[in-house]
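J.: Data: model07.cif, mmCIF, C-alpha atoms and all ligand atoms.
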```cif
data_data
loop_
_atom_site.label_atom_id
_atom_site.label_comp_id
_atom_site.auth_asym_id
_atom_site.auth_seq_id
_atom_site.Cartn_x
_atom_site.Cartn_y
_atom_site.Cartn_z
CA MET O 1 -0.17 103.11 -15.16
CA LYS O 2 -2.57 100.23 -15.75
CA LEU O 3 -4.26 100.24 -19.15
CA LYS O 4 -7.67 100.39 -17.51
CA GLU O 5 -6.81 103.61 -15.67
CA LYS O 6 -5.34 105.19 -18.79
CA LEU O 7 -8.46 104.36 -20.78
CA ARG O 8 -10.64 105.83 -18.07
CA GLU O 9 -8.55 109.00 -18.04
CA PHE O 10 -8.57 109.32 -21.83
CA THR O 11 -12.32 108.65 -22.05
CA GLN O 12 -12.96 111.52 -19.65
CA LEU O 13 -10.66 113.80 -21.65
CA LYS O 14 -12.31 112.70 -24.91
CA LYS O 15 -8.93 111.54 -26.19
CA GLY O 16 -8.37 108.40 -28.23
CA LEU O 17 -5.74 105.81 -27.30
CA LEU O 18 -4.20 104.45 -30.50
CA ALA O 19 -3.70 100.68 -30.76
CA THR O 20 -1.37 99.72 -33.57
CA ASN O 21 -0.47 96.27 -34.79
CA TYR O 22 3.18 95.31 -35.20
CA TYR O 23 4.55 92.47 -37.28
CA ASP O 24 8.29 92.66 -36.92
CA LEU O 25 11.10 94.90 -35.68
CA GLU O 26 10.56 97.52 -38.37
CA THR O 27 6.85 98.06 -37.83
CA LEU O 28 7.41 98.14 -34.07
CA HIS O 29 10.19 100.72 -34.31
CA GLY O 30 8.18 102.84 -36.73
CA VAL O 31 5.32 103.05 -34.24
CA LEU O 32 7.52 103.56 -31.18
CA GLN O 33 9.44 106.42 -32.79
CA ALA O 34 6.14 108.18 -33.49
CA ALA O 35 4.96 107.65 -29.90
CA ALA O 36 8.29 108.96 -28.57
CA ASP O 37 8.18 112.00 -30.89
CA THR O 38 4.65 112.95 -29.84
CA LYS O 39 5.03 111.80 -26.21
CA GLN O 40 1.81 109.81 -26.54
CA PRO O 41 1.08 106.38 -25.05
CA VAL O 42 0.29 103.53 -27.42
CA ILE O 43 -1.17 100.04 -27.30
CA LEU O 44 0.95 97.51 -29.20
CA GLN O 45 -1.17 94.73 -30.66
CA LEU O 46 -0.33 91.23 -31.79
CA THR O 47 -2.65 89.01 -33.79
CA GLN O 48 -2.39 85.24 -33.76
CA SER O 49 -0.62 85.33 -37.14
CA SER O 50 1.95 87.85 -35.88
CA ILE O 51 2.52 85.65 -32.84
CA GLU O 52 3.04 82.66 -35.12
CA TYR O 53 5.32 84.70 -37.39
CA MET O 54 7.65 85.90 -34.63
CA GLY O 55 7.10 83.33 -31.91
CA LEU O 56 5.16 84.26 -28.77
CA LYS O 57 8.11 85.03 -26.50
CA THR O 58 10.00 86.98 -29.12
CA ALA O 59 6.90 88.92 -30.08
CA VAL O 60 5.92 90.00 -26.59
CA ASN O 61 9.46 90.73 -25.42
CA LEU O 62 10.24 92.70 -28.57
CA GLY O 63 7.28 94.93 -27.79
CA ARG O 64 8.07 95.19 -24.07
CA ASN O 65 11.76 95.96 -24.57
CA GLY O 66 10.97 98.39 -27.36
CA LEU O 67 8.70 100.40 -25.09
CA GLU O 68 11.49 100.66 -22.54
CA GLU O 69 14.15 101.52 -25.08
CA PHE O 70 12.08 104.28 -26.68
CA GLY O 71 10.82 105.58 -23.32
CA VAL O 72 7.20 105.09 -24.39
CA GLU O 73 4.26 104.32 -22.12
CA GLY O 74 2.44 101.38 -23.65
CA TRP O 75 0.78 98.01 -23.25
CA ILE O 76 0.96 94.69 -25.08
CA HIS O 77 -2.44 93.47 -26.29
CA LEU O 78 -3.70 90.33 -28.03
CA ASP O 79 -5.79 91.44 -31.02
CA HIS O 80 -8.72 89.24 -32.14
CA GLY O 81 -7.93 86.27 -29.91
CA GLY O 82 -9.79 83.35 -31.45
CA SER O 83 -9.74 80.84 -28.60
CA VAL O 84 -9.46 80.53 -24.83
CA GLU O 85 -6.28 78.49 -25.37
CA LEU O 86 -4.53 81.31 -27.22
CA VAL O 87 -5.68 83.80 -24.59
CA GLN O 88 -4.27 81.55 -21.87
CA ARG O 89 -0.88 81.37 -23.63
CA CYS O 90 -0.84 85.17 -23.83
CA LEU O 91 -1.77 85.53 -20.16
CA ASP O 92 1.12 83.25 -19.28
CA ALA O 93 3.44 85.21 -21.58
CA GLY O 94 2.74 88.46 -19.71
CA PHE O 95 0.35 90.40 -21.95
CA ASP O 96 -1.31 93.46 -20.37
CA SER O 97 -4.54 93.02 -22.27
CA VAL O 98 -6.31 90.37 -24.34
CA MET O 99 -9.14 90.39 -26.81
CA ILE O 100 -11.45 87.44 -27.16
CA ASP O 101 -13.31 87.74 -30.46
CA GLY O 102 -16.59 85.85 -30.23
CA SER O 103 -18.28 88.20 -32.67
CA GLU O 104 -19.21 85.40 -35.07
CA LEU O 105 -20.84 83.33 -32.33
CA PRO O 106 -24.48 83.51 -31.24
CA PHE O 107 -24.98 86.01 -28.39
CA ASP O 108 -25.10 83.39 -25.62
CA GLU O 109 -21.99 81.61 -26.88
CA ASN O 110 -20.15 84.91 -27.13
CA VAL O 111 -21.16 85.65 -23.52
CA ARG O 112 -19.98 82.21 -22.39
CA VAL O 113 -16.52 82.36 -23.99
CA THR O 114 -16.03 86.00 -22.94
CA ARG O 115 -16.96 85.20 -19.33
CA GLU O 116 -14.44 82.38 -19.34
CA VAL O 117 -11.71 84.76 -20.54
CA VAL O 118 -12.69 87.44 -18.01
CA ALA O 119 -12.45 84.88 -15.19
CA ARG O 120 -8.99 83.75 -16.31
CA ALA O 121 -7.68 87.26 -16.97
CA LYS O 122 -8.77 88.40 -13.52
CA ARG O 123 -6.21 86.06 -11.93
CA TYR O 124 -3.49 87.88 -13.89
CA ASP O 125 -4.97 91.35 -13.43
CA VAL O 126 -5.18 91.61 -17.23
CA HIS O 127 -7.55 93.86 -19.19
CA VAL O 128 -10.14 92.16 -21.45
CA GLU O 129 -11.73 93.30 -24.70
CA ALA O 130 -14.56 91.48 -26.48
CA GLU O 131 -16.58 92.18 -29.61
CA LEU O 132 -20.32 92.37 -30.01
CA GLY O 133 -21.82 92.96 -33.43
CA TYR O 134 -19.60 92.21 -36.38
CA VAL O 135 -16.80 94.28 -37.90
CA ALA O 136 -16.09 92.69 -41.30
CA LYS O 137 -12.73 90.95 -41.50
CA LEU O 138 -10.21 91.71 -44.27
CA GLY O 139 -11.74 91.43 -47.71
CA GLN O 140 -15.28 90.69 -46.50
CA SER O 141 -18.17 92.82 -47.63
CA HIS O 142 -19.98 94.69 -44.91
CA ASP O 143 -23.35 96.27 -44.32
CA SER O 144 -25.42 97.41 -41.37
CA THR O 145 -26.79 93.93 -40.53
CA GLY O 146 -23.94 93.29 -38.09
CA PHE O 147 -24.17 96.62 -36.26
CA THR O 148 -24.03 96.52 -32.46
CA GLN O 149 -27.39 97.00 -30.75
CA PRO O 150 -27.36 99.25 -27.63
CA ASP O 151 -29.57 96.97 -25.48
CA GLU O 152 -27.51 93.91 -26.36
CA ALA O 153 -24.29 95.79 -25.65
CA SER O 154 -25.49 96.72 -22.19
CA ALA O 155 -26.65 93.15 -21.43
CA PHE O 156 -23.38 91.75 -22.82
CA VAL O 157 -21.17 93.97 -20.67
CA GLU O 158 -23.26 93.23 -17.58
CA GLN O 159 -23.22 89.47 -18.13
CA THR O 160 -19.52 89.20 -18.99
CA GLY O 161 -17.87 91.90 -16.86
CA VAL O 162 -15.66 92.76 -19.82
CA ASP O 163 -13.53 95.95 -19.64
CA ALA O 164 -13.67 97.00 -23.29
CA LEU O 165 -16.08 96.35 -26.11
CA ALA O 166 -15.41 96.46 -29.85
CA VAL O 167 -18.48 97.87 -31.55
CA ALA O 168 -19.72 97.59 -35.12
CA ILE O 169 -20.91 101.04 -36.22
CA GLY O 170 -19.86 101.11 -39.87
CA THR O 171 -16.15 100.33 -39.98
CA ALA O 172 -14.50 97.29 -41.59
CA HIS O 173 -11.00 95.85 -41.49
CA GLY O 174 -8.76 96.89 -44.38
CA PHE O 175 -9.45 99.64 -46.91
CA TYR O 176 -12.91 100.60 -48.19
CA LYS O 177 -14.41 100.48 -51.67
CA GLN O 178 -16.58 103.44 -50.72
CA GLU O 179 -15.85 105.97 -48.02
CA PRO O 180 -17.35 104.61 -44.80
CA LYS O 181 -20.08 106.49 -42.97
CA LEU O 182 -20.01 105.78 -39.24
CA ASP O 183 -23.32 105.66 -37.39
CA ILE O 184 -22.48 108.18 -34.67
CA ASP O 185 -26.03 108.25 -33.34
CA LEU O 186 -25.90 104.49 -32.77
CA LEU O 187 -22.52 104.91 -31.06
CA ARG O 188 -23.97 107.53 -28.71
CA ARG O 189 -26.82 105.22 -27.80
CA ILE O 190 -24.37 102.38 -27.11
CA ALA O 191 -22.14 104.67 -25.02
CA GLU O 192 -25.12 105.81 -22.94
CA LYS O 193 -25.96 102.23 -22.05
CA THR O 194 -22.58 100.84 -21.08
CA ALA O 195 -19.63 101.84 -18.94
CA ALA O 196 -17.18 99.63 -20.88
CA THR O 197 -14.45 101.29 -22.95
CA LEU O 198 -15.63 101.34 -26.55
CA VAL O 199 -13.21 100.23 -29.26
CA LEU O 200 -13.18 101.26 -32.90
CA HIS O 201 -11.78 98.49 -35.10
CA GLY O 202 -10.99 98.97 -38.77
CA SER O 203 -9.89 102.59 -38.59
CA SER O 204 -7.60 102.35 -41.64
CA GLY O 205 -9.29 104.27 -44.45
CA VAL O 206 -11.72 106.11 -42.18
CA PRO O 207 -11.59 109.91 -42.66
CA HIS O 208 -10.02 111.52 -39.61
CA ASP O 209 -13.00 113.72 -38.81
CA GLN O 210 -15.16 110.60 -38.49
CA VAL O 211 -12.65 108.91 -36.17
CA GLN O 212 -12.59 112.09 -34.09
CA GLN O 213 -16.40 112.23 -33.99
CA ALA O 214 -16.41 108.64 -32.78
CA ILE O 215 -13.94 109.54 -30.03
CA TYR O 216 -15.97 112.59 -29.06
CA HIS O 217 -19.08 110.43 -28.75
CA GLY O 218 -17.68 107.54 -26.76
CA VAL O 219 -14.90 105.55 -28.45
CA CYS O 220 -11.55 105.50 -26.67
CA LYS O 221 -9.37 102.71 -28.15
CA VAL O 222 -8.73 103.16 -31.89
CA ASN O 223 -7.27 100.19 -33.78
CA LEU O 224 -4.99 100.77 -36.76
CA ALA O 225 -3.31 98.06 -38.83
CA THR O 226 -3.73 98.09 -42.62
CA GLU O 227 -2.42 101.62 -43.23
CA ILE O 228 0.79 100.68 -41.40
CA LYS O 229 1.42 97.56 -43.51
CA ASN O 230 0.46 99.41 -46.66
CA ILE O 231 2.75 102.41 -46.24
CA PHE O 232 5.66 100.21 -45.22
CA MET O 233 5.35 97.87 -48.21
CA ALA O 234 4.71 100.66 -50.70
CA SER O 235 7.80 102.49 -49.53
CA LEU O 236 9.89 99.32 -49.46
CA LYS O 237 8.90 98.36 -53.02
CA ASN O 238 9.82 101.82 -54.21
CA GLU O 239 13.12 101.68 -52.34
CA LEU O 240 14.02 98.30 -53.81
CA THR O 241 13.38 99.30 -57.41
CA HIS O 242 15.70 102.29 -57.07
CA ASN O 243 18.38 100.67 -55.02
CA ASP O 244 20.73 97.70 -55.25
CA GLU O 245 21.94 98.02 -51.67
CA ILE O 246 22.21 94.60 -50.08
CA ASP O 247 22.54 95.80 -46.50
CA LEU O 248 18.94 95.48 -45.38
CA ARG O 249 19.69 97.70 -42.39
CA LYS O 250 20.18 100.57 -44.82
CA VAL O 251 17.03 99.82 -46.83
CA PHE O 252 14.38 99.05 -44.21
CA PRO O 253 14.75 102.24 -42.12
CA LYS O 254 13.42 104.39 -44.97
CA ALA O 255 10.18 102.44 -44.96
CA THR O 256 10.16 102.46 -41.17
CA CYS O 257 10.31 106.29 -41.27
CA LYS O 258 7.15 106.31 -43.37
CA ILE O 259 5.36 104.41 -40.62
CA THR O 260 6.61 106.94 -38.10
CA GLU O 261 5.23 109.84 -40.18
CA LEU O 262 1.88 108.07 -40.56
CA VAL O 263 1.53 107.11 -36.91
CA ARG O 264 2.60 110.57 -35.72
CA THR O 265 -0.32 112.00 -37.70
CA LYS O 266 -2.69 109.40 -36.24
CA LEU O 267 -1.48 110.01 -32.67
CA GLU O 268 -1.99 113.74 -33.06
CA MET O 269 -5.42 113.14 -34.60
CA VAL O 270 -6.71 110.96 -31.74
CA ALA O 271 -5.20 113.19 -29.03
CA ASN O 272 -6.66 116.48 -30.30
CA VAL O 273 -10.37 115.94 -30.86
CA PRO O 274 -12.41 119.08 -31.52
CA VAL O 275 -15.92 119.58 -30.11
CA PHE O 276 -18.59 117.97 -32.29
P1 LIG E 301 -7.60 98.25 -40.01
O1 LIG E 301 -6.71 97.21 -40.62
O2 LIG E 301 -8.75 98.62 -40.89
O3 LIG E 301 -6.82 99.44 -39.55
O4 LIG E 301 -8.23 97.59 -38.69
C1 LIG E 301 -7.36 97.29 -37.62
C2 LIG E 301 -8.01 96.51 -36.54
O5 LIG E 301 -9.20 96.60 -36.29
C3 LIG E 301 -7.17 95.61 -35.72
O6 LIG E 301 -7.92 94.92 -34.78
ZN ZN E 302 -9.88 94.54 -35.47
NA NA E 303 -10.45 99.81 -42.17
#
```
When written as structure tokens, how does the structure in this file appear?
Ligand code: 13P
Ligand code: ZN
Ligand code: NA

T.:
Amino acid sequence: MKLKEKLREFTQLKKGLLATNYYDLETLHGVLQAAADTKQPVILQLTQSSIEYMGLKTAVNLGRNGLEEFGVEGWIHLDHGGSVELVQRCLDAGFDSVMIDGSELPFDENVRVTREVVARAKRYDVHVEAELGYVAKLGQSHDSTGFTQPDEASAFVEQTGVDALAVAIGTAHGFYKQEPKLDIDLLRRIAEKTAATLVLHGSSGVPHDQVQQAIYHGVCKVNLATEIKNIFMASLKNELTHNDEIDLRKVFPKATCKITELVRTKLEMVANVPVF
């Protein structure tokens, strides 16, 4: 099924579609095992730095082949694409979906670059996500000044024809110093004004009931990255201090299993949203 159709279906069912970042074979397998165990679809995301780390072809084919091998329904997505050039390389490499992140640009510039990406992606029948408002990047402080405004969101979606929109409603990338408090009322007002799929970035560290409230009130795609890296590295460090095994294929899988446990919980959380 095309990603667009799946998102439409899930939005109607008030179910979230989890989008997890992968960085290598281990993080990919950890996620795919969880998706296979729970029989849930998943979006596999690559950032520019993951693409540089693995190489574009290796990265996309690793994801694609992994989906097939694990029997998982999923899509390969460019996360936070920073330029039209990178998007174009991903379109040529066979991605199912691309994000162009113009969130730090003035509104009109964001519209211009997003329109350009939408026009290119259309030729490949590829799904497009953009961001309006600003979700703080890793390590940046965040406050409500960058929150998405409902009227702007509706104008942005109309002017760009984008399929999905990342909204700023109180999340930030990475962990939080203080527990975040999502502005669900703002989210509802945004959802009322636009038909685009709404995307929650920065879901690591957000209490599950708040993620579920966001899904109930209009979010469908839920992005998760930091918790995956964190649980993998924490487990690996622990493993290495208690182990002098040199066969990495015997050491890594223990950390990979931790990702599977984490992602299984997240997949169940986004798929079973109570009434709010
Ligand atoms: P976290 O790292 O906070 O989970 O955010 C992930 C994200 O938004 C990827 O685009
Ligand atoms: Zn993000
Ligand atoms: Na976060």

J.: Which is closest to ligand NA 303 (chain E) among O:Leu262, O:Ala136, O:Ala155, O:Met269, if we use all atoms listed in the file?

T.: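 Of all the options, O:Ala136 lies closest to ligand NA 303 (chain E).
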
J.: Throw together the list of residues within 6 Å of ligand NA 303 (chain E), counting only C-alpha atoms and all ligand atoms, and drop it here as number ranges by chain.

T.: O: 172-175, 202-205

J.: For the residues in the current selection, export C-alpha atoms as a CSV table (one decimal), keeping the file's coordinate frame.

T.:
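Output file result-v2.csv is given in full below:
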```
chain,number,residue,atom,x,y,z
O,172,ALA,CA,-14.5,97.3,-41.6
O,173,HIS,CA,-11.0,95.8,-41.5
O,174,GLY,CA,-8.8,96.9,-44.4
O,175,PHE,CA,-9.4,99.6,-46.9
O,202,GLY,CA,-11.0,99.0,-38.8
O,203,SER,CA,-9.9,102.6,-38.6
O,204,SER,CA,-7.6,102.4,-41.6
O,205,GLY,CA,-9.3,104.3,-44.4
```

J.: Can you tell me which residues surround Ile259 of chain O at a distance of at most 12 Å, considering only C-alpha atoms, apart from same-chain residues fewer than 4 positions away, and format the answer as a ChimeraX atom specification?

T.: /O:20-22,26-35,224-236,252-255,263-267

J.: I'd like the interatomic distance between atom C3 of ligand LIG 301 (chain E) and atom CA of Asn65 of chain O, to a tenth of an Å.

T.: 22.0 Å

J.: Residues within 12 Å of ligand ZN 302 (chain E) (only C-alpha atoms and all ligand atoms), as JSON, numbers by chain?

T.: {"O": [19, 20, 21, 45, 46, 47, 77, 78, 79, 80, 81, 82, 99, 100, 101, 103, 129, 130, 131, 132, 134, 135, 136, 137, 138, 165, 166, 167, 168, 171, 172, 173, 174, 199, 200, 201, 202, 203, 204, 221, 222, 223, 224, 225, 226]}

J.: Please, could you write that set of residues out with C-alpha atoms as a CSV table (one decimal), in the frame of the given file?

T.:
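Saved result, out12.csv, follows:
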```
chain,number,residue,atom,x,y,z
O,19,ALA,CA,-3.7,100.7,-30.8
O,20,THR,CA,-1.4,99.7,-33.6
O,21,ASN,CA,-0.5,96.3,-34.8
O,45,GLN,CA,-1.2,94.7,-30.7
O,46,LEU,CA,-0.3,91.2,-31.8
O,47,THR,CA,-2.6,89.0,-33.8
O,77,HIS,CA,-2.4,93.5,-26.3
O,78,LEU,CA,-3.7,90.3,-28.0
O,79,ASP,CA,-5.8,91.4,-31.0
O,80,HIS,CA,-8.7,89.2,-32.1
O,81,GLY,CA,-7.9,86.3,-29.9
O,82,GLY,CA,-9.8,83.4,-31.4
O,99,MET,CA,-9.1,90.4,-26.8
O,100,ILE,CA,-11.4,87.4,-27.2
O,101,ASP,CA,-13.3,87.7,-30.5
O,103,SER,CA,-18.3,88.2,-32.7
O,129,GLU,CA,-11.7,93.3,-24.7
O,130,ALA,CA,-14.6,91.5,-26.5
O,131,GLU,CA,-16.6,92.2,-29.6
O,132,LEU,CA,-20.3,92.4,-30.0
O,134,TYR,CA,-19.6,92.2,-36.4
O,135,VAL,CA,-16.8,94.3,-37.9
O,136,ALA,CA,-16.1,92.7,-41.3
O,137,LYS,CA,-12.7,91.0,-41.5
O,138,LEU,CA,-10.2,91.7,-44.3
O,165,LEU,CA,-16.1,96.4,-26.1
O,166,ALA,CA,-15.4,96.5,-29.8
O,167,VAL,CA,-18.5,97.9,-31.6
O,168,ALA,CA,-19.7,97.6,-35.1
O,171,THR,CA,-16.2,100.3,-40.0
O,172,ALA,CA,-14.5,97.3,-41.6
O,173,HIS,CA,-11.0,95.8,-41.5
O,174,GLY,CA,-8.8,96.9,-44.4
O,199,VAL,CA,-13.2,100.2,-29.3
O,200,LEU,CA,-13.2,101.3,-32.9
O,201,HIS,CA,-11.8,98.5,-35.1
O,202,GLY,CA,-11.0,99.0,-38.8
O,203,SER,CA,-9.9,102.6,-38.6
O,204,SER,CA,-7.6,102.4,-41.6
O,221,LYS,CA,-9.4,102.7,-28.2
O,222,VAL,CA,-8.7,103.2,-31.9
O,223,ASN,CA,-7.3,100.2,-33.8
O,224,LEU,CA,-5.0,100.8,-36.8
O,225,ALA,CA,-3.3,98.1,-38.8
O,226,THR,CA,-3.7,98.1,-42.6
```

J.: Taking only C-alpha atoms and all ligand atoms into account, name the residue in O:Leu44, O:Leu186, O:Val128, O:Val117 that is nearest to ligand LIG 301 (chain E).

T.: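 Among the listed residues, O:Leu44 lies closest to ligand LIG 301 (chain E).
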
J.: Have a look at O:Glu73, O:Asp92, O:Glu192, O:Asp108 and name the one nearest to His217 of chain O; count all atoms listed in the file.

T.: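 Closest to His217 of chain O, using all atoms listed in the file: O:Glu192.
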
J.: Counting all atoms listed in the file, which of O:Thr114, O:Pro41, O:Gly161, O:Val211 gets nearest to ligand LIG 301 (chain E)?

T.: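 Closest to ligand LIG 301 (chain E) of all the choices is O:Val211.
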
J.: How far is it from atom CA of Phe276 of chain O to atom CA of Ile215 of chain O, in Å with one decimal?

T.: 9.9 Å

J.: Identify which of the residues O:Gln48, O:Asn61, O:Thr160, O:Ser83 lies closest to ligand LIG 301 (chain E), counting all atoms listed in the file when measuring atom-to-atom distances.

T.: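 Distance minimum relative to ligand LIG 301 (chain E) lands on O:Gln48.
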
J.: In Å, rounded to a single decimal, give me how far atom CA of Gln213 of chain O is from atom CA of Ile190 of chain O.

T.: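 Atom CA of Gln213 of chain O lies 14.4 Å from atom CA of Ile190 of chain O.
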
J.: Given 6 Å on each side, where is the centre and what are the edge lengths in Å to one decimal of the axis-aligned box enclosing the listed atoms of ligand LIG 301 (chain E), as lines of an AutoDock Vina configuration file?

T.:
```
center_x = -8.0
center_y = 97.2
center_z = -37.8
size_x = 14.5
size_y = 16.5
size_z = 18.1
```

J.: So, counting only C-alpha atoms and all ligand atoms, which residue among O:Ala191, O:Ala59, O:Val206, O:Ile246 is closest to ligand LIG 301 (chain E)?

T.: O:Val206

J.: Which residues are close to Val273 of chain O, i.e. within 12 Å by all atoms listed in the file, leaving aside same-chain residues fewer than 5 positions away? Reply as a list in words.

T.: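 Contacts, in chain order: Phe10, Thr11, Leu13, Lys14, Lys15, Gly16, Leu17, His208, Asp209, Gln210, Val211, Gln212, Gln213, Ala214, Ile215, Tyr216, His217, Gly218, Val219, Cys220, Lys266, Leu267 and Glu268 of chain O.
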
J.: Using all atoms listed in the file - which residues lie no farther than 7 Å from the point (-1.5, 100.2, -24.0) in the file's frame? Write them as a PyMOL selection string.

T.: chain O and resi 3+41-44+74-76
